[in-house]
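S.K.: Have a peek at final-v4.tsv (TSV, C-alpha atoms (C1' of nucleotides)).
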```tsv
chain	number	residue	atom	x	y	z
N	98	MET	CA	56.32	72.52	126.97
N	99	ARG	CA	58.67	73.09	124.10
N	100	ARG	CA	58.79	76.32	122.06
N	101	ASP	CA	56.25	78.70	123.47
N	102	GLU	CA	52.96	76.95	123.22
N	103	ALA	CA	51.77	78.78	126.32
N	104	ALA	CA	51.86	82.03	124.38
N	105	LEU	CA	49.96	80.34	121.57
N	106	LEU	CA	47.33	79.05	123.98
N	107	LYS	CA	46.97	82.51	125.45
N	108	LYS	CA	46.52	83.90	121.96
N	109	LEU	CA	43.90	81.27	121.25
N	110	TYR	CA	42.05	82.19	124.42
N	111	GLU	CA	42.05	85.85	123.45
N	112	LEU	CA	40.94	85.01	119.93
N	113	LEU	CA	37.92	83.04	121.12
N	114	ASP	CA	36.95	85.75	123.58
N	115	ASP	CA	34.29	87.70	121.72
N	116	GLY	CA	33.32	89.68	124.79
N	117	THR	CA	29.81	88.26	125.08
N	118	GLY	CA	28.31	87.09	128.34
N	119	TRP	CA	29.51	83.82	129.80
N	120	GLU	CA	29.06	84.16	133.57
N	121	GLU	CA	25.90	82.08	133.53
N	122	TRP	CA	27.29	79.61	131.07
N	123	TRP	CA	26.70	76.80	133.54
N	124	PRO	CA	23.55	77.76	135.47
N	125	ALA	CA	23.05	75.98	138.78
N	126	ASP	CA	21.65	76.74	142.22
N	127	SER	CA	24.31	74.79	144.08
N	128	ASP	CA	27.68	73.10	143.78
N	129	PHE	CA	26.13	69.67	144.02
N	130	GLU	CA	23.77	70.49	141.20
N	131	ARG	CA	26.87	71.07	139.09
N	132	VAL	CA	28.25	67.71	140.12
N	133	VAL	CA	24.99	66.09	139.04
N	134	GLY	CA	25.15	68.05	135.81
N	135	SER	CA	28.71	66.93	135.13
N	136	ILE	CA	27.52	63.30	135.07
N	137	LEU	CA	24.28	63.87	133.20
N	138	ILE	CA	25.89	66.01	130.50
N	139	GLN	CA	28.08	63.14	129.33
N	140	ARG	CA	27.38	62.62	125.65
N	141	THR	CA	24.05	64.47	125.97
N	142	ARG	CA	22.54	67.84	125.12
N	143	TRP	CA	22.08	70.33	127.91
N	144	GLU	CA	18.41	70.67	127.05
N	145	ASN	CA	17.82	67.05	128.08
N	146	VAL	CA	20.03	67.34	131.15
N	147	ASP	CA	17.99	70.30	132.32
N	148	ARG	CA	14.83	68.23	132.30
N	149	ALA	CA	16.43	65.53	134.38
N	150	ILE	CA	17.78	68.05	136.88
N	151	ALA	CA	14.40	69.72	137.11
N	152	ALA	CA	12.82	66.36	137.88
N	153	LEU	CA	15.39	65.65	140.59
N	154	ASN	CA	14.91	69.09	142.06
N	155	LYS	CA	11.17	68.62	142.18
N	156	GLU	CA	11.73	65.51	144.28
N	157	GLY	CA	14.20	67.28	146.56
N	158	LEU	CA	17.04	65.04	145.41
N	159	LEU	CA	19.66	67.66	144.68
N	160	THR	CA	21.62	67.02	147.85
N	161	PRO	CA	24.27	64.33	148.30
N	162	ARG	CA	22.43	62.55	151.12
N	163	ALA	CA	19.06	62.50	149.40
N	164	LEU	CA	20.41	61.40	146.06
N	165	ALA	CA	22.61	58.69	147.52
N	166	SER	CA	19.65	57.11	149.24
N	167	CYS	CA	17.27	57.29	146.29
N	168	PRO	CA	16.36	53.83	144.94
N	169	SER	CA	17.96	53.05	141.58
N	170	GLY	CA	14.70	52.41	139.80
N	171	ARG	CA	13.22	55.70	140.90
N	172	LEU	CA	16.39	57.55	139.94
N	173	GLU	CA	16.45	55.97	136.49
N	174	GLU	CA	12.91	57.04	135.93
N	175	LEU	CA	13.61	60.65	136.87
N	176	ILE	CA	16.74	61.12	134.77
N	177	ARG	CA	15.53	59.23	131.71
N	178	PRO	CA	15.43	62.31	129.45
N	179	ALA	CA	19.20	62.66	129.83
N	180	GLY	CA	19.86	59.31	128.15
N	181	PHE	CA	22.11	56.42	129.28
N	182	TYR	CA	19.88	56.52	132.32
N	183	ARG	CA	20.83	53.17	133.85
N	184	GLN	CA	24.54	53.95	133.83
N	185	LYS	CA	24.03	57.52	134.92
N	186	ALA	CA	21.76	56.55	137.80
N	187	ALA	CA	24.48	54.29	139.17
N	188	ARG	CA	27.09	56.98	138.63
N	189	LEU	CA	25.01	59.61	140.36
N	190	ARG	CA	24.52	57.39	143.37
N	191	ALA	CA	28.26	56.82	143.56
N	192	VAL	CA	29.26	60.49	143.38
N	193	ALA	CA	26.44	61.40	145.74
N	194	GLY	CA	27.81	58.90	148.23
N	195	TYR	CA	31.26	60.39	147.88
N	196	PHE	CA	30.16	63.99	148.39
N	197	SER	CA	27.82	63.07	151.22
N	198	ARG	CA	30.78	62.04	153.36
N	199	SER	CA	33.62	63.99	151.81
N	200	GLY	CA	32.75	67.59	151.03
N	201	ALA	CA	35.95	67.81	148.98
N	202	GLY	CA	36.81	71.13	150.54
N	203	SER	CA	40.39	71.19	151.83
N	204	ILE	CA	41.74	68.17	149.99
N	205	PRO	CA	44.97	68.78	148.04
N	206	THR	CA	44.36	69.13	144.33
N	207	GLU	CA	46.17	65.99	143.20
N	208	LYS	CA	44.58	63.82	145.84
N	209	LEU	CA	41.10	65.19	145.12
N	210	ARG	CA	41.55	64.42	141.46
N	211	GLU	CA	42.63	60.88	142.24
N	212	GLU	CA	39.60	60.35	144.44
N	213	LEU	CA	37.25	61.70	141.79
N	214	LEU	CA	38.81	59.47	139.15
N	215	SER	CA	38.30	56.45	141.37
N	216	LEU	CA	34.54	56.99	141.21
N	217	PRO	CA	32.65	54.99	138.57
N	218	GLY	CA	31.65	57.26	135.70
N	219	VAL	CA	34.19	59.94	136.47
N	220	GLY	CA	36.95	60.05	133.87
N	221	ASN	CA	39.50	62.73	133.05
N	222	GLU	CA	37.06	65.21	131.63
N	223	THR	CA	34.37	64.93	134.29
N	224	ALA	CA	36.99	65.03	137.03
N	225	ASP	CA	38.41	68.26	135.64
N	226	VAL	CA	34.96	69.78	135.25
N	227	ILE	CA	34.23	69.09	138.91
N	228	MET	CA	37.65	70.41	139.90
N	229	LEU	CA	37.07	73.55	137.90
N	230	TYR	CA	33.44	74.35	138.65
N	231	VAL	CA	32.92	72.82	142.08
N	232	ALA	CA	36.24	72.56	143.88
N	233	GLY	CA	37.49	75.84	142.46
N	234	ARG	CA	40.82	74.56	141.10
N	235	PRO	CA	42.16	75.90	137.80
N	236	ARG	CA	42.09	73.04	135.29
N	237	PHE	CA	42.06	72.86	131.51
N	238	VAL	CA	39.14	70.66	130.44
N	239	LEU	CA	40.29	68.53	127.55
N	240	ASP	CA	36.98	67.67	125.90
N	241	ALA	CA	36.31	66.68	122.30
N	242	TYR	CA	36.07	70.30	121.17
N	243	ALA	CA	39.29	71.26	122.91
N	244	LYS	CA	41.10	68.41	121.16
N	245	ARG	CA	39.92	69.57	117.75
N	246	ILE	CA	40.71	73.21	118.41
N	247	LEU	CA	44.12	72.51	119.89
N	248	LYS	CA	44.92	70.46	116.83
N	249	CYS	CA	43.92	73.37	114.61
N	250	ALA	CA	46.09	75.68	116.64
N	251	GLY	CA	49.04	73.31	116.57
N	252	ILE	CA	49.15	72.87	120.33
N	253	MET	CA	49.92	69.50	121.86
N	254	ASP	CA	47.08	67.76	123.67
N	255	ASP	CA	48.80	65.66	126.29
N	256	HIS	CA	46.49	65.74	129.27
N	257	ASP	CA	49.08	66.38	131.98
N	258	GLU	CA	51.38	68.68	130.05
N	259	LEU	CA	48.38	70.74	129.08
N	260	GLN	CA	47.60	71.60	132.70
N	261	ALA	CA	50.96	73.25	133.21
N	262	LEU	CA	50.65	74.93	129.84
N	263	ALA	CA	47.20	76.33	130.62
N	264	ARG	CA	48.15	77.56	134.08
N	265	LYS	CA	51.03	79.43	132.51
N	266	ALA	CA	48.96	80.84	129.66
N	267	LEU	CA	46.05	81.80	131.90
N	268	CYS	CA	48.17	83.04	134.80
N	269	ASP	CA	46.84	80.38	137.17
N	270	ASP	CA	43.53	82.24	137.21
N	271	LEU	CA	40.41	80.24	138.08
N	272	GLU	CA	37.91	82.43	136.28
N	273	ALA	CA	40.08	82.49	133.19
N	274	HIS	CA	40.16	78.69	133.13
N	275	ARG	CA	36.39	78.52	133.44
N	276	ARG	CA	35.96	81.12	130.75
N	277	CYS	CA	38.45	79.33	128.52
N	278	HIS	CA	36.48	76.10	128.75
N	279	ALA	CA	33.19	77.86	128.02
N	280	LEU	CA	34.65	79.69	125.05
N	281	ILE	CA	36.09	76.51	123.58
N	282	VAL	CA	32.80	74.64	123.89
N	283	GLU	CA	30.76	77.47	122.42
N	284	HIS	CA	33.20	77.95	119.58
N	285	GLY	CA	33.23	74.23	118.96
N	286	LYS	CA	29.47	73.94	118.81
N	287	ARG	CA	29.34	76.68	116.22
N	288	TYR	CA	32.31	76.06	114.01
N	289	CYS	CA	33.80	72.61	114.58
N	290	ASN	CA	32.13	69.79	112.72
N	291	LYS	CA	33.27	66.23	113.04
N	292	ASN	CA	36.04	66.35	110.50
N	293	GLU	CA	35.86	69.68	108.76
N	294	CYS	CA	36.83	73.07	110.08
N	295	GLU	CA	36.05	75.27	107.08
N	296	MET	CA	34.81	78.14	109.16
N	297	CYS	CA	37.52	77.66	111.71
N	298	LEU	CA	38.73	81.01	113.00
N	299	VAL	CA	41.52	79.29	114.84
N	300	LYS	CA	43.07	77.88	111.72
N	301	ARG	CA	42.68	81.17	109.94
N	302	TYR	CA	44.31	83.28	112.60
N	303	LEU	CA	46.75	80.92	114.24
N	304	GLY	CA	47.36	78.20	111.66
K	147	DC	C1'	14.64	57.93	108.09
K	148	DT	C1'	19.61	59.42	109.79
K	149	DC	C1'	22.75	61.84	112.74
K	150	DC	C1'	24.66	63.03	117.12
K	151	DA	C1'	25.33	65.75	121.71
K	152	DG	C1'	30.02	69.65	127.01
K	153	DG	C1'	32.15	60.55	128.05
K	154	DA	C1'	33.38	56.46	130.34
K	155	DG	C1'	34.14	51.53	130.61
K	156	DT	C1'	35.38	47.43	128.46
K	157	DG	C1'	37.40	44.47	125.15
K	158	DT	C1'	40.57	43.51	121.19
K	159	DA	C1'	44.96	43.81	118.30
F	278	DT	C1'	48.94	52.86	122.45
F	279	DA	C1'	44.90	52.72	119.24
F	280	DC	C1'	40.39	51.80	117.93
F	281	DA	C1'	35.64	49.62	118.17
F	282	DC	C1'	31.74	48.94	120.65
F	283	DT	C1'	28.00	49.92	124.12
F	284	DC	C1'	25.02	52.79	126.64
F	285	DA	C1'	19.74	55.86	125.21
F	286	DT	C1'	16.94	60.04	124.86
F	287	DG	C1'	15.28	63.80	122.04
F	288	DG	C1'	15.80	67.37	118.60
F	289	DA	C1'	17.17	68.78	113.88
```
Show this structure as structure tokens.

M.R.:
Amino acid sequence: MRRDEAALLKKLYELLDDGTGWEEWWPADSDFERVVGSILIQRTRWENVDRAIAALNKEGLLTPRALASCPSGRLEELIRPAGFYRQKAARLRAVAGYFSRSGAGSIPTEKLREELLSLPGVGNETADVIMLYVAGRPRFVLDAYAKRILKCAGIMDDHDELQALARKALCDDLEAHRRCHALIVEHGKRYCNKNECEMCLVKRYLG
DNA sequence: CTCCAGGAGTGTA
DNA sequence: TACACTCATGGA
């Protein structure tokens, strides 16, 4: 990390922090429900994901064992509101199978990440979301909003370098990493359009 | 009617 | 490495 981009990232984090509530930013009754959510949320609004999760919950499928053994057709039917339902049904069955025999508790961070990435439908972003919200490992989630905001702030967006940068800026603190992700997404939804950033606070204060 | 949301996988140049 | 394309529902 050349210059002091960690200080800049820390400043960005503090800038986005408006002091409003964020603890229940990702509501869920269990860790596995968050895993399910991490797959269903891909390229989809939370409102639709919530319907799919509610349907799964109603059928008692929010456990790794139950979900892994649910027939594909039935699963597709239940998660349809979340879109891409054929792909996502297959992905859910795969991650459910993994968590039904793994638990992912005491696995070293790097190895856990590798295992998650080996699952179909789990890419860099989803893997980091699971690491951050389920496995309890501090990770910087490089989603589309983060890429735009980092660009505005003049911070590099290399996936691996960014992890070291974030851990330094956020003092290796788990809650800070979770909060940082939530703040970036919420800021992005409000102020970051596809190409324009007219209202962008980041550019105004850090650019 | 059009646009697109808290991606990932695959194929092409 | 850098894009283009596909997957799909539901709300604005």

S.K.: When you count only C-alpha atoms (C1' of nucleotides), which of these residues is closest to chain F: N:His256, N:Lys108, N:Arg190, N:Arg142?

M.R.: N:Arg142

S.K.: Give the residues of chain N that lie within 12 Å of chain K; count all atoms listed in the file, and format the answer as a PDB file with C-alpha atoms, in the coordinates of the input.

M.R.:
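Done, and the output landed in result_32.pdb:
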```pdb
ATOM      1  CA  TRP N 122      27.290  79.610 131.070  1.00  0.00           C
ATOM      2  CA  TRP N 123      26.700  76.800 133.540  1.00  0.00           C
ATOM      3  CA  GLY N 134      25.150  68.050 135.810  1.00  0.00           C
ATOM      4  CA  SER N 135      28.710  66.930 135.130  1.00  0.00           C
ATOM      5  CA  ILE N 136      27.520  63.300 135.070  1.00  0.00           C
ATOM      6  CA  LEU N 137      24.280  63.870 133.200  1.00  0.00           C
ATOM      7  CA  ILE N 138      25.890  66.010 130.500  1.00  0.00           C
ATOM      8  CA  GLN N 139      28.080  63.140 129.330  1.00  0.00           C
ATOM      9  CA  ARG N 140      27.380  62.620 125.650  1.00  0.00           C
ATOM     10  CA  THR N 141      24.050  64.470 125.970  1.00  0.00           C
ATOM     11  CA  ARG N 142      22.540  67.840 125.120  1.00  0.00           C
ATOM     12  CA  TRP N 143      22.080  70.330 127.910  1.00  0.00           C
ATOM     13  CA  GLU N 144      18.410  70.670 127.050  1.00  0.00           C
ATOM     14  CA  ASN N 145      17.820  67.050 128.080  1.00  0.00           C
ATOM     15  CA  VAL N 146      20.030  67.340 131.150  1.00  0.00           C
ATOM     16  CA  ALA N 179      19.200  62.660 129.830  1.00  0.00           C
ATOM     17  CA  GLY N 180      19.860  59.310 128.150  1.00  0.00           C
ATOM     18  CA  PHE N 181      22.110  56.420 129.280  1.00  0.00           C
ATOM     19  CA  GLN N 184      24.540  53.950 133.830  1.00  0.00           C
ATOM     20  CA  LYS N 185      24.030  57.520 134.920  1.00  0.00           C
ATOM     21  CA  ARG N 188      27.090  56.980 138.630  1.00  0.00           C
ATOM     22  CA  LEU N 214      38.810  59.470 139.150  1.00  0.00           C
ATOM     23  CA  LEU N 216      34.540  56.990 141.210  1.00  0.00           C
ATOM     24  CA  PRO N 217      32.650  54.990 138.570  1.00  0.00           C
ATOM     25  CA  GLY N 218      31.650  57.260 135.700  1.00  0.00           C
ATOM     26  CA  VAL N 219      34.190  59.940 136.470  1.00  0.00           C
ATOM     27  CA  GLY N 220      36.950  60.050 133.870  1.00  0.00           C
ATOM     28  CA  ASN N 221      39.500  62.730 133.050  1.00  0.00           C
ATOM     29  CA  GLU N 222      37.060  65.210 131.630  1.00  0.00           C
ATOM     30  CA  THR N 223      34.370  64.930 134.290  1.00  0.00           C
ATOM     31  CA  ALA N 224      36.990  65.030 137.030  1.00  0.00           C
ATOM     32  CA  VAL N 226      34.960  69.780 135.250  1.00  0.00           C
ATOM     33  CA  VAL N 238      39.140  70.660 130.440  1.00  0.00           C
ATOM     34  CA  LEU N 239      40.290  68.530 127.550  1.00  0.00           C
ATOM     35  CA  ASP N 240      36.980  67.670 125.900  1.00  0.00           C
ATOM     36  CA  ALA N 241      36.310  66.680 122.300  1.00  0.00           C
ATOM     37  CA  TYR N 242      36.070  70.300 121.170  1.00  0.00           C
ATOM     38  CA  ALA N 243      39.290  71.260 122.910  1.00  0.00           C
ATOM     39  CA  HIS N 278      36.480  76.100 128.750  1.00  0.00           C
ATOM     40  CA  ALA N 279      33.190  77.860 128.020  1.00  0.00           C
ATOM     41  CA  LEU N 280      34.650  79.690 125.050  1.00  0.00           C
ATOM     42  CA  ILE N 281      36.090  76.510 123.580  1.00  0.00           C
ATOM     43  CA  VAL N 282      32.800  74.640 123.890  1.00  0.00           C
ATOM     44  CA  GLU N 283      30.760  77.470 122.420  1.00  0.00           C
ATOM     45  CA  HIS N 284      33.200  77.950 119.580  1.00  0.00           C
ATOM     46  CA  GLY N 285      33.230  74.230 118.960  1.00  0.00           C
ATOM     47  CA  LYS N 286      29.470  73.940 118.810  1.00  0.00           C
ATOM     48  CA  ASN N 290      32.130  69.790 112.720  1.00  0.00           C
ATOM     49  CA  LYS N 291      33.270  66.230 113.040  1.00  0.00           C
TER      50      LYS N 291
END
```

S.K.: Which is closest to chain F among N:Ala163, N:Ile176, N:Ala152, N:Ala104, if we use all atoms listed in the file?

M.R.: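 So, comparing all the options, the nearest one is N:Ile176.
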
S.K.: Taking all atoms listed in the file into account and nothing else, which residues of chain F lie no more than 8 Å away from chain N? Please answer as JSON, numbers by chain.

M.R.: {"F": [284, 285, 286, 287]}

S.K.: Tell me, in Å to one decimal, how far atom CA of N:Arg264 is from atom CA of N:Met228.

M.R.: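 So the two atoms, atom CA of N:Arg264 and atom CA of N:Met228, lie 14.0 Å apart.
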
S.K.: Once 6 Å is added on each side, what are the centre and the three edge lengths, in Å to one decimal, of the axis-aligned box enclosing the listed atoms of chain F? Present them as JSON.

M.R.:
```
{"center_x": 32.1, "center_y": 58.9, "center_z": 120.3, "size_x": 45.7, "size_y": 31.8, "size_z": 24.8}
```

S.K.: List every protein, DNA or RNA residue that has at least one atom no more than 12 Å from (47.0, 74.5, 135.0) in the file's coordinates, counting only C-alpha atoms (C1' of nucleotides), and write the result as an MDAnalysis selection string.

M.R.: chainID N and resid 103 106 206:207 225 228:229 234:239 256:271 273:275 277

S.K.: Just the residues within 10 Å of N:Ser166, please, counting only C-alpha atoms (C1' of nucleotides), with nothing from its chain fewer than 3 positions along; format it as a ChimeraX atom specification.

M.R.: /N:158,161-163,169,172,190,193-194

S.K.: Please save C-alpha atoms of the selected residues as a JSON list (two decimals), in the coordinates of the input.

M.R.:
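Output below, filename selection06.json:
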```json
[["chain", "number", "residue", "atom", "x", "y", "z"],
["N", 158, "LEU", "CA", 17.04, 65.04, 145.41],
["N", 161, "PRO", "CA", 24.27, 64.33, 148.30],
["N", 162, "ARG", "CA", 22.43, 62.55, 151.12],
["N", 163, "ALA", "CA", 19.06, 62.50, 149.40],
["N", 169, "SER", "CA", 17.96, 53.05, 141.58],
["N", 172, "LEU", "CA", 16.39, 57.55, 139.94],
["N", 190, "ARG", "CA", 24.52, 57.39, 143.37],
["N", 193, "ALA", "CA", 26.44, 61.40, 145.74],
["N", 194, "GLY", "CA", 27.81, 58.90, 148.23]]
```

S.K.: Just how far from atom CA of N:Ala125 is atom CA of N:Cys167, in Å to one decimal?

M.R.: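 According to the coordinates, atom CA of N:Cys167 and atom CA of N:Ala125 are separated by 21.0 Å.
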
S.K.: As an MDAnalysis selection string, please: the residues near N:Lys244 (cut-off 10 Å, only C-alpha atoms (C1' of nucleotides), same-chain neighbours under 6 positions excluded).

M.R.: chainID N and resid 238 250 252:255 281

S.K.: Atom CA of N:Ala186 and atom CA of N:Ile227 are how many Å apart?

M.R.: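 We find that atom CA of N:Ala186 and atom CA of N:Ile227 lie 17.7 Å from each other.
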